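What follows is the content of input_32.cif (mmCIF, C-alpha atoms and all ligand atoms; chains and numbers go by the auth columns).
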```cif
data_upload
loop_
_atom_site.group_PDB
_atom_site.id
_atom_site.type_symbol
_atom_site.label_atom_id
_atom_site.label_comp_id
_atom_site.label_asym_id
_atom_site.label_seq_id
_atom_site.Cartn_x
_atom_site.Cartn_y
_atom_site.Cartn_z
_atom_site.B_iso_or_equiv
_atom_site.auth_seq_id
_atom_site.auth_asym_id
ATOM 1 C CA MET A 1 132.333 74.261 -74.042 0.00 167 A
ATOM 2 C CA LYS A 2 135.945 73.903 -72.931 0.00 168 A
ATOM 3 C CA PHE A 3 137.770 70.580 -72.929 0.00 169 A
ATOM 4 C CA ILE A 4 140.881 69.946 -70.838 0.00 170 A
ATOM 5 C CA GLY A 5 142.004 66.654 -72.315 0.00 171 A
ATOM 6 C CA ASP A 6 141.896 64.332 -75.295 0.00 172 A
ATOM 7 C CA PHE A 7 141.888 60.618 -74.468 0.00 173 A
ATOM 8 C CA HIS A 8 141.924 58.919 -77.869 0.00 174 A
ATOM 9 C CA ILE A 9 145.044 59.735 -79.915 0.00 175 A
ATOM 10 C CA HIS A 10 146.993 57.592 -82.390 0.00 176 A
ATOM 11 C CA THR A 11 150.714 57.887 -83.116 0.00 177 A
ATOM 12 C CA VAL A 12 152.787 56.595 -86.011 0.00 178 A
ATOM 13 C CA ALA A 13 152.937 53.263 -84.113 0.00 179 A
ATOM 14 C CA SER A 14 149.323 52.556 -85.170 0.00 180 A
ATOM 15 C CA GLY A 15 150.454 52.189 -88.767 0.00 181 A
ATOM 16 C CA ASP A 16 147.556 54.311 -90.061 0.00 182 A
ATOM 17 C CA ALA A 17 148.524 57.496 -88.172 0.00 183 A
ATOM 18 C CA PHE A 18 151.301 60.024 -88.627 0.00 184 A
ATOM 19 C CA GLY A 19 152.412 61.777 -85.430 0.00 185 A
ATOM 20 C CA THR A 20 155.081 61.238 -82.809 0.00 186 A
ATOM 21 C CA ILE A 21 154.253 61.746 -79.140 0.00 187 A
ATOM 22 C CA ARG A 22 156.395 64.897 -79.022 0.00 188 A
ATOM 23 C CA GLU A 23 154.467 66.398 -81.960 0.00 189 A
ATOM 24 C CA ILE A 24 151.209 65.480 -80.242 0.00 190 A
ATOM 25 C CA VAL A 25 152.414 67.142 -77.025 0.00 191 A
ATOM 26 C CA GLY A 26 153.250 70.290 -79.027 0.00 192 A
ATOM 27 C CA VAL A 27 149.706 70.571 -80.399 0.00 193 A
ATOM 28 C CA SER A 28 148.259 69.717 -76.973 0.00 194 A
ATOM 29 C CA GLN A 29 150.186 72.650 -75.474 0.00 195 A
ATOM 30 C CA GLU A 30 148.983 75.047 -78.176 0.00 196 A
ATOM 31 C CA ARG A 31 145.399 73.962 -77.486 0.00 197 A
ATOM 32 C CA ASN A 32 145.730 74.194 -73.699 0.00 198 A
ATOM 33 C CA LEU A 33 145.100 70.531 -72.993 0.00 199 A
ATOM 34 C CA LYS A 34 146.240 69.384 -69.542 0.00 200 A
ATOM 35 C CA ALA A 35 146.046 65.617 -70.099 0.00 201 A
ATOM 36 C CA ILE A 36 146.095 63.223 -73.036 0.00 202 A
ATOM 37 C CA ALA A 37 145.996 59.470 -73.607 0.00 203 A
ATOM 38 C CA ILE A 38 148.064 57.738 -76.256 0.00 204 A
ATOM 39 C CA THR A 39 145.802 54.990 -77.591 0.00 205 A
ATOM 40 C CA ASP A 40 147.289 53.171 -80.554 0.00 206 A
ATOM 41 C CA HIS A 41 145.365 50.299 -82.121 0.00 207 A
ATOM 42 C CA GLY A 42 145.770 46.904 -80.503 0.00 208 A
ATOM 43 C CA PRO A 43 147.690 44.193 -82.394 0.00 209 A
ATOM 44 C CA ALA A 44 144.577 42.718 -84.106 0.00 210 A
ATOM 45 C CA MET A 45 144.721 45.713 -86.438 0.00 211 A
ATOM 46 C CA PRO A 46 146.980 44.300 -89.183 0.00 212 A
ATOM 47 C CA ILE A 47 149.489 47.182 -89.319 0.00 213 A
ATOM 48 C CA SER A 48 149.561 48.196 -85.653 0.00 214 A
ATOM 49 C CA ALA A 49 152.160 47.669 -82.927 0.00 215 A
ATOM 50 C CA HIS A 50 153.270 44.524 -81.109 0.00 216 A
ATOM 51 C CA LYS A 51 152.469 44.076 -77.408 0.00 217 A
ATOM 52 C CA TYR A 52 156.063 45.043 -76.569 0.00 218 A
ATOM 53 C CA TYR A 53 155.319 48.556 -77.823 0.00 219 A
ATOM 54 C CA PHE A 54 152.555 48.929 -75.241 0.00 220 A
ATOM 55 C CA ASN A 55 154.830 47.700 -72.429 0.00 221 A
ATOM 56 C CA SER A 56 157.449 50.227 -73.481 0.00 222 A
ATOM 57 C CA LEU A 57 154.857 53.010 -73.714 0.00 223 A
ATOM 58 C CA ALA A 58 153.882 52.377 -70.093 0.00 224 A
ATOM 59 C CA ASP A 59 157.560 52.391 -69.050 0.00 225 A
ATOM 60 C CA ASN A 60 158.625 55.548 -70.847 0.00 226 A
ATOM 61 C CA VAL A 61 155.758 57.973 -71.216 0.00 227 A
ATOM 62 C CA ARG A 62 154.172 59.779 -68.257 0.00 228 A
ATOM 63 C CA SER A 63 154.289 63.509 -68.842 0.00 229 A
ATOM 64 C CA ASP A 64 155.957 66.055 -71.081 0.00 230 A
ATOM 65 C CA SER A 65 156.023 69.859 -70.924 0.00 231 A
ATOM 66 C CA GLY A 66 153.466 69.907 -68.105 0.00 232 A
ATOM 67 C CA ILE A 67 150.995 67.655 -69.893 0.00 233 A
ATOM 68 C CA LEU A 68 149.916 64.402 -68.242 0.00 234 A
ATOM 69 C CA ILE A 69 150.203 61.483 -70.642 0.00 235 A
ATOM 70 C CA TYR A 70 148.202 58.342 -69.921 0.00 236 A
ATOM 71 C CA PRO A 71 149.615 55.271 -71.692 0.00 237 A
ATOM 72 C CA GLY A 72 146.713 53.471 -73.303 0.00 238 A
ATOM 73 C CA VAL A 73 145.379 51.390 -76.133 0.00 239 A
ATOM 74 C CA GLU A 74 142.362 51.279 -78.414 0.00 240 A
ATOM 75 C CA ALA A 75 141.939 47.552 -77.920 0.00 241 A
ATOM 76 C CA ASN A 76 139.841 45.374 -80.194 0.00 242 A
ATOM 77 C CA ILE A 77 137.155 42.981 -79.002 0.00 243 A
ATOM 78 C CA ILE A 78 138.105 39.807 -80.846 0.00 244 A
ATOM 79 C CA ASP A 79 135.769 37.024 -79.746 0.00 245 A
ATOM 80 C CA LYS A 80 132.369 36.158 -78.328 0.00 246 A
ATOM 81 C CA LYS A 81 133.813 35.971 -74.813 0.00 247 A
ATOM 82 C CA GLY A 82 134.712 39.640 -75.124 0.00 248 A
ATOM 83 C CA ARG A 83 138.463 39.138 -75.064 0.00 249 A
ATOM 84 C CA LEU A 84 140.714 42.017 -76.077 0.00 250 A
ATOM 85 C CA ASP A 85 143.740 41.747 -78.356 0.00 251 A
ATOM 86 C CA LEU A 86 146.428 42.397 -75.739 0.00 252 A
ATOM 87 C CA PRO A 87 147.456 39.921 -73.021 0.00 253 A
ATOM 88 C CA ASP A 88 146.553 40.735 -69.422 0.00 254 A
ATOM 89 C CA ASP A 89 150.156 41.573 -68.440 0.00 255 A
ATOM 90 C CA ALA A 90 150.316 44.318 -71.082 0.00 256 A
ATOM 91 C CA LEU A 91 146.829 45.624 -70.298 0.00 257 A
ATOM 92 C CA HIS A 92 147.583 45.844 -66.567 0.00 258 A
ATOM 93 C CA ARG A 93 150.354 48.332 -67.232 0.00 259 A
ATOM 94 C CA LEU A 94 148.180 50.683 -69.271 0.00 260 A
ATOM 95 C CA GLU A 95 146.068 53.389 -67.687 0.00 261 A
ATOM 96 C CA TYR A 96 143.595 54.076 -70.447 0.00 262 A
ATOM 97 C CA ILE A 97 141.962 51.100 -72.123 0.00 263 A
ATOM 98 C CA ILE A 98 139.403 51.873 -74.795 0.00 264 A
ATOM 99 C CA ALA A 99 137.328 48.895 -75.949 0.00 265 A
ATOM 100 C CA ALA A 100 136.275 48.956 -79.587 0.00 266 A
ATOM 101 C CA PHE A 101 134.518 46.928 -82.217 0.00 267 A
ATOM 102 C CA HIS A 102 136.197 47.265 -85.625 0.00 268 A
ATOM 103 C CA GLY A 103 135.351 45.574 -88.904 0.00 269 A
ATOM 104 C CA PHE A 104 138.792 43.971 -89.207 0.00 270 A
ATOM 105 C CA SER A 105 138.381 42.023 -85.962 0.00 271 A
ATOM 106 C CA TRP A 106 134.612 41.730 -85.492 0.00 272 A
ATOM 107 C CA ASP A 107 132.037 40.816 -88.087 0.00 273 A
ATOM 108 C CA ASN A 108 129.091 39.615 -86.066 0.00 274 A
ATOM 109 C CA GLU A 109 125.938 41.654 -86.415 0.00 275 A
ATOM 110 C CA ASP A 110 123.646 39.680 -84.151 0.00 276 A
ATOM 111 C CA VAL A 111 122.530 42.033 -81.367 0.00 277 A
ATOM 112 C CA GLU A 112 122.594 39.322 -78.682 0.00 278 A
ATOM 113 C CA ILE A 113 126.125 38.181 -79.534 0.00 279 A
ATOM 114 C CA ASN A 114 127.455 41.756 -79.806 0.00 280 A
ATOM 115 C CA THR A 115 125.891 42.665 -76.460 0.00 281 A
ATOM 116 C CA ARG A 116 127.138 39.552 -74.677 0.00 282 A
ATOM 117 C CA ALA A 117 130.686 40.080 -75.947 0.00 283 A
ATOM 118 C CA LEU A 118 130.792 43.749 -74.942 0.00 284 A
ATOM 119 C CA LYS A 119 129.312 43.070 -71.503 0.00 285 A
ATOM 120 C CA ALA A 120 131.810 40.257 -70.848 0.00 286 A
ATOM 121 C CA CYS A 121 134.646 42.534 -71.962 0.00 287 A
ATOM 122 C CA LEU A 122 133.597 45.344 -69.625 0.00 288 A
ATOM 123 C CA ILE A 123 133.268 42.956 -66.683 0.00 289 A
ATOM 124 C CA ARG A 124 136.617 41.272 -67.346 0.00 290 A
ATOM 125 C CA TYR A 125 138.852 44.276 -68.024 0.00 291 A
ATOM 126 C CA ASP A 126 139.541 47.699 -66.546 0.00 292 A
ATOM 127 C CA VAL A 127 138.052 49.534 -69.532 0.00 293 A
ATOM 128 C CA LYS A 128 137.767 53.347 -69.226 0.00 294 A
ATOM 129 C CA SER A 129 135.629 54.029 -72.299 0.00 295 A
ATOM 130 C CA ILE A 130 133.872 52.445 -75.250 0.00 296 A
ATOM 131 C CA ALA A 131 134.915 53.898 -78.592 0.00 297 A
ATOM 132 C CA HIS A 132 132.655 55.309 -81.306 0.00 298 A
ATOM 133 C CA LEU A 133 129.415 53.351 -80.804 0.00 299 A
ATOM 134 C CA ASN A 134 127.981 55.143 -83.839 0.00 300 A
ATOM 135 C CA TYR A 135 130.589 54.150 -86.430 0.00 301 A
ATOM 136 C CA PRO A 136 131.365 51.433 -87.312 0.00 302 A
ATOM 137 C CA PHE A 137 127.902 50.445 -86.092 0.00 303 A
ATOM 138 C CA PHE A 138 127.262 47.123 -84.395 0.00 304 A
ATOM 139 C CA GLU A 139 123.817 46.792 -82.894 0.00 305 A
ATOM 140 C CA LEU A 140 123.777 46.530 -79.092 0.00 306 A
ATOM 141 C CA ASP A 141 121.145 46.195 -76.398 0.00 307 A
ATOM 142 C CA MET A 142 122.314 49.038 -74.158 0.00 308 A
ATOM 143 C CA THR A 143 119.834 48.190 -71.376 0.00 309 A
ATOM 144 C CA GLN A 144 122.078 45.176 -70.634 0.00 310 A
ATOM 145 C CA ILE A 145 125.238 47.291 -70.753 0.00 311 A
ATOM 146 C CA ILE A 146 124.141 50.295 -68.656 0.00 312 A
ATOM 147 C CA PRO A 147 124.439 48.635 -65.192 0.00 313 A
ATOM 148 C CA VAL A 148 128.088 47.715 -65.936 0.00 314 A
ATOM 149 C CA LEU A 149 128.858 51.233 -67.209 0.00 315 A
ATOM 150 C CA LEU A 150 127.493 52.719 -63.988 0.00 316 A
ATOM 151 C CA GLU A 151 129.133 50.225 -61.653 0.00 317 A
ATOM 152 C CA LYS A 152 132.584 50.492 -63.237 0.00 318 A
ATOM 153 C CA LYS A 153 132.367 54.205 -64.154 0.00 319 A
ATOM 154 C CA ILE A 154 132.963 53.477 -67.836 0.00 320 A
ATOM 155 C CA ALA A 155 132.395 56.419 -70.167 0.00 321 A
ATOM 156 C CA ILE A 156 130.786 56.371 -73.579 0.00 322 A
ATOM 157 C CA GLU A 157 132.870 58.157 -76.144 0.00 323 A
ATOM 158 C CA ILE A 158 131.659 60.953 -78.357 0.00 324 A
ATOM 159 C CA ASN A 159 134.252 60.517 -81.084 0.00 325 A
ATOM 160 C CA ASN A 160 134.871 63.580 -83.250 0.00 326 A
ATOM 161 C CA LYS A 161 136.232 61.554 -86.155 0.00 327 A
ATOM 162 C CA ALA A 162 133.348 59.055 -86.207 0.00 328 A
ATOM 163 C CA LEU A 163 130.706 61.807 -86.365 0.00 329 A
ATOM 164 C CA LYS A 164 130.913 61.925 -90.120 0.00 330 A
ATOM 165 C CA LYS A 165 128.693 64.527 -91.714 0.00 331 A
ATOM 166 C CA ASP A 166 127.061 62.066 -94.064 0.00 332 A
ATOM 167 C CA LEU A 167 125.926 59.784 -91.244 0.00 333 A
ATOM 168 C CA ASP A 168 122.568 60.060 -89.561 0.00 334 A
ATOM 169 C CA TRP A 169 123.185 61.466 -86.061 0.00 335 A
ATOM 170 C CA PHE A 170 119.612 60.764 -84.971 0.00 336 A
ATOM 171 C CA ILE A 171 120.140 57.110 -83.971 0.00 337 A
ATOM 172 C CA PHE A 172 123.257 57.893 -81.919 0.00 338 A
ATOM 173 C CA ARG A 173 121.461 60.818 -80.285 0.00 339 A
ATOM 174 C CA ASN A 174 118.697 58.471 -79.114 0.00 340 A
ATOM 175 C CA THR A 175 121.302 56.154 -77.579 0.00 341 A
ATOM 176 C CA VAL A 176 123.149 59.047 -75.937 0.00 342 A
ATOM 177 C CA LEU A 177 119.976 60.488 -74.398 0.00 343 A
ATOM 178 C CA LYS A 178 118.902 57.098 -73.068 0.00 344 A
ATOM 179 C CA LEU A 179 122.342 56.664 -71.468 0.00 345 A
ATOM 180 C CA ARG A 180 122.378 60.207 -70.059 0.00 346 A
ATOM 181 C CA ASP A 181 118.989 59.689 -68.439 0.00 347 A
ATOM 182 C CA LYS A 182 120.414 56.662 -66.607 0.00 348 A
ATOM 183 C CA GLY A 183 123.413 58.676 -65.346 0.00 349 A
ATOM 184 C CA VAL A 184 126.061 57.389 -67.757 0.00 350 A
ATOM 185 C CA LYS A 185 128.902 59.863 -68.436 0.00 351 A
ATOM 186 C CA PHE A 186 130.522 60.744 -71.740 0.00 352 A
ATOM 187 C CA ILE A 187 134.029 61.584 -72.872 0.00 353 A
ATOM 188 C CA VAL A 188 134.739 63.685 -75.953 0.00 354 A
ATOM 189 C CA ASN A 189 137.750 62.535 -77.950 0.00 355 A
ATOM 190 C CA SER A 190 139.329 63.471 -81.256 0.00 356 A
ATOM 191 C CA ASP A 191 140.578 59.998 -82.354 0.00 357 A
ATOM 192 C CA ALA A 192 143.392 61.999 -83.969 0.00 358 A
ATOM 193 C CA HIS A 193 145.450 60.195 -86.616 0.00 359 A
ATOM 194 C CA TYR A 194 147.484 63.332 -87.412 0.00 360 A
ATOM 195 C CA PRO A 195 148.902 65.705 -84.763 0.00 361 A
ATOM 196 C CA LEU A 196 146.867 68.730 -85.873 0.00 362 A
ATOM 197 C CA GLN A 197 143.670 66.775 -85.181 0.00 363 A
ATOM 198 C CA VAL A 198 144.514 66.535 -81.459 0.00 364 A
ATOM 199 C CA GLY A 199 141.980 68.555 -79.442 0.00 365 A
ATOM 200 C CA ASP A 200 139.783 69.129 -82.490 0.00 366 A
ATOM 201 C CA PHE A 201 136.275 68.564 -81.183 0.00 367 A
ATOM 202 C CA ALA A 202 134.341 70.732 -83.669 0.00 368 A
ATOM 203 C CA ARG A 203 131.902 68.078 -84.886 0.00 369 A
ATOM 204 C CA ALA A 204 131.580 66.589 -81.401 0.00 370 A
ATOM 205 C CA GLU A 205 130.570 70.031 -80.107 0.00 371 A
ATOM 206 C CA GLU A 206 127.868 70.274 -82.751 0.00 372 A
ATOM 207 C CA PHE A 207 126.606 66.863 -81.722 0.00 373 A
ATOM 208 C CA ILE A 208 126.667 67.827 -78.014 0.00 374 A
ATOM 209 C CA LYS A 209 124.502 70.856 -78.806 0.00 375 A
ATOM 210 C CA TYR A 210 122.152 68.664 -80.835 0.00 376 A
ATOM 211 C CA CYS A 211 121.820 66.357 -77.790 0.00 377 A
ATOM 212 C CA GLU A 212 121.656 69.296 -75.330 0.00 378 A
ATOM 213 C CA LEU A 213 124.292 67.690 -73.105 0.00 379 A
ATOM 214 C CA THR A 214 125.787 69.839 -70.342 0.00 380 A
ATOM 215 C CA GLU A 215 129.324 70.058 -68.943 0.00 381 A
ATOM 216 C CA ASN A 216 128.227 67.796 -66.097 0.00 382 A
ATOM 217 C CA ASP A 217 127.496 64.991 -68.541 0.00 383 A
ATOM 218 C CA ILE A 218 131.019 65.142 -70.005 0.00 384 A
ATOM 219 C CA ILE A 219 134.063 64.022 -68.037 0.00 385 A
ATOM 220 C CA ASN A 220 136.791 65.948 -69.858 0.00 386 A
ATOM 221 C CA THR A 221 135.282 69.373 -69.264 0.00 387 A
ATOM 222 C CA SER A 222 137.087 69.647 -65.916 0.00 388 A
ATOM 223 C CA LEU A 223 140.349 68.382 -64.450 0.00 389 A
ATOM 224 C CA ALA A 224 138.556 67.473 -61.197 0.00 390 A
ATOM 225 C CA ARG A 225 136.126 65.250 -63.109 0.00 391 A
ATOM 226 C CA VAL A 226 139.032 63.644 -65.003 0.00 392 A
ATOM 227 C CA PHE A 227 140.918 62.860 -61.786 0.00 393 A
ATOM 228 C CA LYS A 228 137.768 61.387 -60.217 0.00 394 A
ATOM 229 C CA TYR A 229 137.268 59.269 -63.350 0.00 395 A
ATOM 230 C CA PHE A 230 140.816 57.932 -62.963 0.00 396 A
ATOM 231 C CA GLY A 231 140.186 57.279 -59.266 0.00 397 A
ATOM 232 C CA LEU A 232 142.715 59.923 -58.222 0.00 398 A
ATOM 233 C CA ARG A 233 142.540 62.600 -55.552 0.00 399 A
ATOM 234 C CA ASN A 234 143.930 65.889 -56.831 0.00 400 A
ATOM 235 C CA GLY A 235 145.914 64.096 -59.494 0.00 401 A
ATOM 236 C CA GLU A 236 148.100 62.220 -56.984 0.00 402 A
HETATM 237 ZN ZN ZN B . 138.465 52.978 -83.667 0.00 501 B
HETATM 238 ZN ZN ZN B . 141.022 55.309 -82.850 0.00 502 B
#
```

What does the file become when written as structure tokens?
Ligand SMILES: [Zn+2]
Ligand SMILES: [Zn+2]
Amino acid sequence: MKFIGDFHIHTVASGDAFGTIREIVGVSQERNLKAIAITDHGPAMPISAHKYYFNSLADNVRSDSGILIYPGVEANIIDKKGRLDLPDDALHRLEYIIAAFHGFSWDNEDVEINTRALKACLIRYDVKSIAHLNYPFFELDMTQIIPVLLEKKIAIEINNKALKKDLDWFIFRNTVLKLRDKGVKFIVNSDAHYPLQVGDFARAEEFIKYCELTENDIINTSLARVFKYFGLRNGE
């Protein structure tokens, strides 16, 4: 399977990652990616960037060497109302918002509370995808989430980094198949924390085979599908 973009990439601004955007663009070129999203951790992650960084990202980064660059964030869900850790004015300027539960900003394991928070988040914000549902794992009732995913065209991420070999893929596969059968789409991302990890989807590809997903199920297998996902006609 061929992938034309990688929409979950961290730079040195995340504090736990090691690449500059120019280095990331270099690897993206080598790997024939046409579009990428820069998605550093939101400010609830203790060593990540201030909201001013995200404003500046939106102002300064659009494309480089023929590669489209979507300014984004891997934002953290921080409370039961589903609020994210960037103010609305910063979020409005970003074009790729990933919503994520992380252990440093979310410790509730009650399925009802997790589900209510995620649903409220997806309704409130212009979220494009939900990060790594499989790891870290917070139990969710996806039957309550699916209608919002379909209505707002939100993708579920198949995250290469989170598909650790020592984790049981069976549970995530069951979730993925249930979502696929309802028409939910997926996006395959590296979650790169080092430039050479950009566009590395090796484990994700294994998982896709295990789930028997097709190109049609996955948004970043064609530029046309990516533009449609972003609500664009021919990239305009
Ligand atoms: Zn994450
Ligand atoms: Zn990440």

**OP:** State, in Å with one decimal place, the distance from atom CA of Ile190 of chain A to atom CA of Tyr360 of chain A.
**Re:**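 Between atom CA of Ile190 of chain A and atom CA of Tyr360 of chain A the gap works out to 8.4 Å.
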
**OP:** Rank nothing, just name the residue among A:Trp272, A:Tyr301, A:Tyr219, A:Tyr395 nearest to ligand ZN 502 (chain B), using all atoms listed in the file.
**Re:** A:Tyr301

Rows by chain and residue number, chain A within 12 Å of ligand ZN 501 (chain B), shortest pair, all atoms listed in the file, as a tab-separated table:
```
residue	atom	partner	partner_atom	distance
A:His174	CA	B:ZN501	ZN	9.0
A:Ile175	CA	B:ZN501	ZN	10.1
A:His176	CA	B:ZN501	ZN	9.8
A:Ser180	CA	B:ZN501	ZN	11.0
A:Asp182	CA	B:ZN501	ZN	11.2
A:Ala183	CA	B:ZN501	ZN	11.9
A:Thr205	CA	B:ZN501	ZN	9.7
A:Asp206	CA	B:ZN501	ZN	9.4
A:His207	CA	B:ZN501	ZN	7.6
A:Gly208	CA	B:ZN501	ZN	10.0
A:Ala210	CA	B:ZN501	ZN	12.0
A:Met211	CA	B:ZN501	ZN	10.0
A:Val239	CA	B:ZN501	ZN	10.3
A:Glu240	CA	B:ZN501	ZN	6.8
A:Ala241	CA	B:ZN501	ZN	8.6
A:Asn242	CA	B:ZN501	ZN	8.5
A:Ile243	CA	B:ZN501	ZN	11.1
A:Ile264	CA	B:ZN501	ZN	9.0
A:Ala265	CA	B:ZN501	ZN	8.8
A:Ala266	CA	B:ZN501	ZN	6.1
A:Phe267	CA	B:ZN501	ZN	7.4
A:His268	CA	B:ZN501	ZN	6.5
A:Gly269	CA	B:ZN501	ZN	9.6
A:Phe270	CA	B:ZN501	ZN	10.6
A:Ser271	CA	B:ZN501	ZN	11.2
A:Ser295	CA	B:ZN501	ZN	11.8
A:Ile296	CA	B:ZN501	ZN	9.6
A:Ala297	CA	B:ZN501	ZN	6.3
A:His298	CA	B:ZN501	ZN	6.7
A:Leu299	CA	B:ZN501	ZN	9.5
A:Asn300	CA	B:ZN501	ZN	10.7
A:Tyr301	CA	B:ZN501	ZN	8.4
A:Pro302	CA	B:ZN501	ZN	8.1
A:Phe303	CA	B:ZN501	ZN	11.1
A:Glu323	CA	B:ZN501	ZN	10.7
A:Ile324	CA	B:ZN501	ZN	11.8
A:Asn325	CA	B:ZN501	ZN	9.0
A:Asn326	CA	B:ZN501	ZN	11.2
A:Lys327	CA	B:ZN501	ZN	9.2
A:Ala328	CA	B:ZN501	ZN	8.3
A:Asn355	CA	B:ZN501	ZN	11.2
A:Ser356	CA	B:ZN501	ZN	10.8
A:Asp357	CA	B:ZN501	ZN	7.4
A:Ala358	CA	B:ZN501	ZN	10.3
A:His359	CA	B:ZN501	ZN	10.5
```

Original post:
Nearest to Leu389 of chain A among A:Lys344, A:Lys318, A:Lys200, A:Arg188, with distances taken over all atoms listed in the file: which residue is it?
Top reply: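 Once distances to Leu389 of chain A are computed over all atoms listed in the file, the minimum belongs to A:Lys200.
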
**OP:** Would you write out, as a list in words, every residue that the PyMOL selection byres (((chain A and resi 273-280) around 7) and not hetatm) captures in this file?
**Re:**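 Output from the PyMOL selection byres (((chain A and resi 273-280) around 7) and not hetatm), applied to this file: Lys246, Gly269, Ser271, Trp272, Thr281, Arg282, Ala283, Leu284, Phe304, Glu305, Leu306 and Asp307 of chain A.
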
**OP:** Rounded to one decimal place, report the atom CA of Tyr218 of chain A-atom CA of Thr186 of chain A distance in Å.
**Re:**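 Separation of atom CA of Tyr218 of chain A and atom CA of Thr186 of chain A: 17.4 Å.
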
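If only C-alpha atoms and all ligand atoms are the atoms counted, then among A:Ser214, A:Ser231, A:Ser222, A:Ser194 the closest residue to ligand ZN 502 (chain B) is A:Ser214.
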
Convert the output of the PyMOL selection byres (((chain A and resi 352) around 10) and not hetatm) on the shown file into explicit residues, formatted as a PDB file with C-alpha atoms, in the coordinates of the input.
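And here's result.pdb as it stands now:
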```pdb
ATOM      1  CA  SER A 295     135.629  54.029 -72.299  1.00  0.00           C
ATOM      2  CA  ILE A 296     133.872  52.445 -75.250  1.00  0.00           C
ATOM      3  CA  ILE A 320     132.963  53.477 -67.836  1.00  0.00           C
ATOM      4  CA  ALA A 321     132.395  56.419 -70.167  1.00  0.00           C
ATOM      5  CA  ILE A 322     130.786  56.371 -73.579  1.00  0.00           C
ATOM      6  CA  GLU A 323     132.870  58.157 -76.144  1.00  0.00           C
ATOM      7  CA  ILE A 324     131.659  60.953 -78.357  1.00  0.00           C
ATOM      8  CA  VAL A 342     123.149  59.047 -75.937  1.00  0.00           C
ATOM      9  CA  LEU A 345     122.342  56.664 -71.468  1.00  0.00           C
ATOM     10  CA  ARG A 346     122.378  60.207 -70.059  1.00  0.00           C
ATOM     11  CA  GLY A 349     123.413  58.676 -65.346  1.00  0.00           C
ATOM     12  CA  VAL A 350     126.061  57.389 -67.757  1.00  0.00           C
ATOM     13  CA  LYS A 351     128.902  59.863 -68.436  1.00  0.00           C
ATOM     14  CA  ILE A 353     134.029  61.584 -72.872  1.00  0.00           C
ATOM     15  CA  VAL A 354     134.739  63.685 -75.953  1.00  0.00           C
ATOM     16  CA  ASN A 355     137.750  62.535 -77.950  1.00  0.00           C
ATOM     17  CA  LEU A 379     124.292  67.690 -73.105  1.00  0.00           C
ATOM     18  CA  GLU A 381     129.324  70.058 -68.943  1.00  0.00           C
ATOM     19  CA  ASN A 382     128.227  67.796 -66.097  1.00  0.00           C
ATOM     20  CA  ASP A 383     127.496  64.991 -68.541  1.00  0.00           C
ATOM     21  CA  ILE A 384     131.019  65.142 -70.005  1.00  0.00           C
ATOM     22  CA  ILE A 385     134.063  64.022 -68.037  1.00  0.00           C
ATOM     23  CA  ASN A 386     136.791  65.948 -69.858  1.00  0.00           C
TER      24      ASN A 386
END
```

Subject >> Point-to-point distance from atom CA of Gly171 of chain A to atom CA of Ile202 of chain A, Å rounded to tenths >> reply: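 Spanning atom CA of Gly171 of chain A to atom CA of Ile202 of chain A is a straight-line distance of 5.4 Å.
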
Original post:
Using only C-alpha atoms and all ligand atoms, which of A:Leu316, A:Ser229, A:Tyr376, A:Asp172 sits nearest ligand ZN 502 (chain B)?
Top reply: A:Asp172

Subject >> 10 Å contact set for Leu223 of chain A, all atoms listed in the file, chain neighbours under 5 positions out, as a ChimeraX atom specification >> reply: /A:204,217-218,228,236-239,259-260

Export, as an mmCIF file, in the coordinates of the input, the selected residues with C-alpha atoms.
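Once everything was written out, this is again.cif:
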```cif
data_model
loop_
_atom_site.group_PDB
_atom_site.id
_atom_site.type_symbol
_atom_site.label_atom_id
_atom_site.label_comp_id
_atom_site.auth_asym_id
_atom_site.auth_seq_id
_atom_site.Cartn_x
_atom_site.Cartn_y
_atom_site.Cartn_z
ATOM 1 C CA ILE A 204 148.064 57.738 -76.256
ATOM 2 C CA LYS A 217 152.469 44.076 -77.408
ATOM 3 C CA TYR A 218 156.063 45.043 -76.569
ATOM 4 C CA ARG A 228 154.172 59.779 -68.257
ATOM 5 C CA TYR A 236 148.202 58.342 -69.921
ATOM 6 C CA PRO A 237 149.615 55.271 -71.692
ATOM 7 C CA GLY A 238 146.713 53.471 -73.303
ATOM 8 C CA VAL A 239 145.379 51.390 -76.133
ATOM 9 C CA ARG A 259 150.354 48.332 -67.232
ATOM 10 C CA LEU A 260 148.180 50.683 -69.271
#
```

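When all atoms listed in the file are used to compute distances to Gly365 of chain A, the closest of the residues A:Gly181, A:Pro313, A:Gly192, A:Pro212 turns out to be A:Gly192.
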
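Checking A:Val392, A:Ala256, A:Val364, A:Ile374 one by one against Ala224 of chain A, counting only C-alpha atoms, you find the shortest gap at A:Ala256.
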
**OP:** Report as a list in words the full result of the PyMOL selection byres (((chain A and resi 377) around 10) and not hetatm) when it is applied to this structure.
**Re:** Trp335, Phe336, Phe338, Arg339, Asn340, Val342, Leu343, Arg346, Glu371, Glu372, Phe373, Ile374, Lys375, Tyr376, Glu378, Leu379 and Thr380 of chain A

**OP:** Please identify all polymer residues within 7 Å of Pro361 of chain A, counting only C-alpha atoms, omitting same-chain residues fewer than 6 positions from it, and present them as a list of chain:residue names.
**Re:** A:Gly185, A:Glu189, A:Ile190, A:Val193
